[in-house]
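Novice: Structure provided below as structure tokens; questions to follow.
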Amino acid sequence: MHRKQFKRRPGVYPETFAQMEAVLAEREGRKEKSGRPAVLRVAEQLLLTLEFWRGYRAFAHPGDDWGVREATVHCRVERVEPALIASEQFRLPRKRALREALTV
């Protein structure tokens, strides 16, 4: 799939998606207790989360699209978001930086 076509679905380019997936895969590798296997693979969890953020629909809608329960969608979003934030690789510029860019 062409990179611009890919960006239309999750809202990020394939390169960024791959970086995010690597962060999540690393987090999964650090888990000490395996527990019950996840219903969705890491890439699917990330794609589900990005689609949820892009549309801000109710958890039931992506659940229907992906064939999982609403609670599963909620759990995946609640796990992916802190992992990406903790990595500090995917931060938006602060307000000050945006203001300074506009005044230049």
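Numbering starts fresh at 1 for the residues of each chain in the structure tokens, the chains themselves are lettered A, B, ... in the order given, and ligands are numbered from 1 as they appear.
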Show which residues sit within 9 Å of region 32-42 of chain A, as an MDAnalysis selection string. Count only C-alpha atoms, and ignore same-chain residues fewer than 3 positions away.

Specialist: chainID A and resid 21 24:25 28:29 45:47 68 72 76

Novice: Identify, on the basis of only C-alpha atoms, every residue whose closest approach to region 2-11 of chain A does not exceed 7 Å; exclude the query and any residue fewer than 3 positions from it along the same chain; express the result as a PyMOL selection string.

Specialist: chain A and resi 14+47+50-51+54

Novice: Please run DSSP on the backbone and report, as an MDAnalysis selection string, all residues within chain A that come out as alpha helix (DSSP H).

Specialist: chainID A and resid 3:8 14:30 42:55 60:66 70:87 95:103

Novice: Of the candidates A:Ala101, A:Ala83, A:Val23, A:Val12, which shows the shortest atom-to-atom distance to Trp53 (chain A), using only C-alpha atoms?

Specialist: A:Val12

Novice: Between CA of Glu44 (chain A) and CA of Glu26 (chain A), what is the spacing in Å?

Specialist: 15.3 Å

Novice: Between A:Ala22, A:Phe52, A:Gln89, A:Arg27, which one has atoms that come closest to Val73 (chain A), using only C-alpha atoms?

Specialist: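 Under the stated criterion, the closest residue is A:Phe52.
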
Novice: Under the rule that only C-alpha atoms are counted, which of A:Asp64, A:Arg99, A:Lys31, A:Met20 is the nearest residue to Ile85 (chain A)?

Specialist: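 Counting only C-alpha atoms, the residue closest to Ile85 (chain A) is A:Met20.
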
Novice: Mind pulling up the distance from CA of Thr49 (chain A) to CA of Thr16 (chain A)?

Specialist: 14.1 Å

Novice: Rounded to one decimal place, report the CA of Tyr13 (chain A)-CA of Trp66 (chain A) distance in Å.

Specialist: 21.1 Å
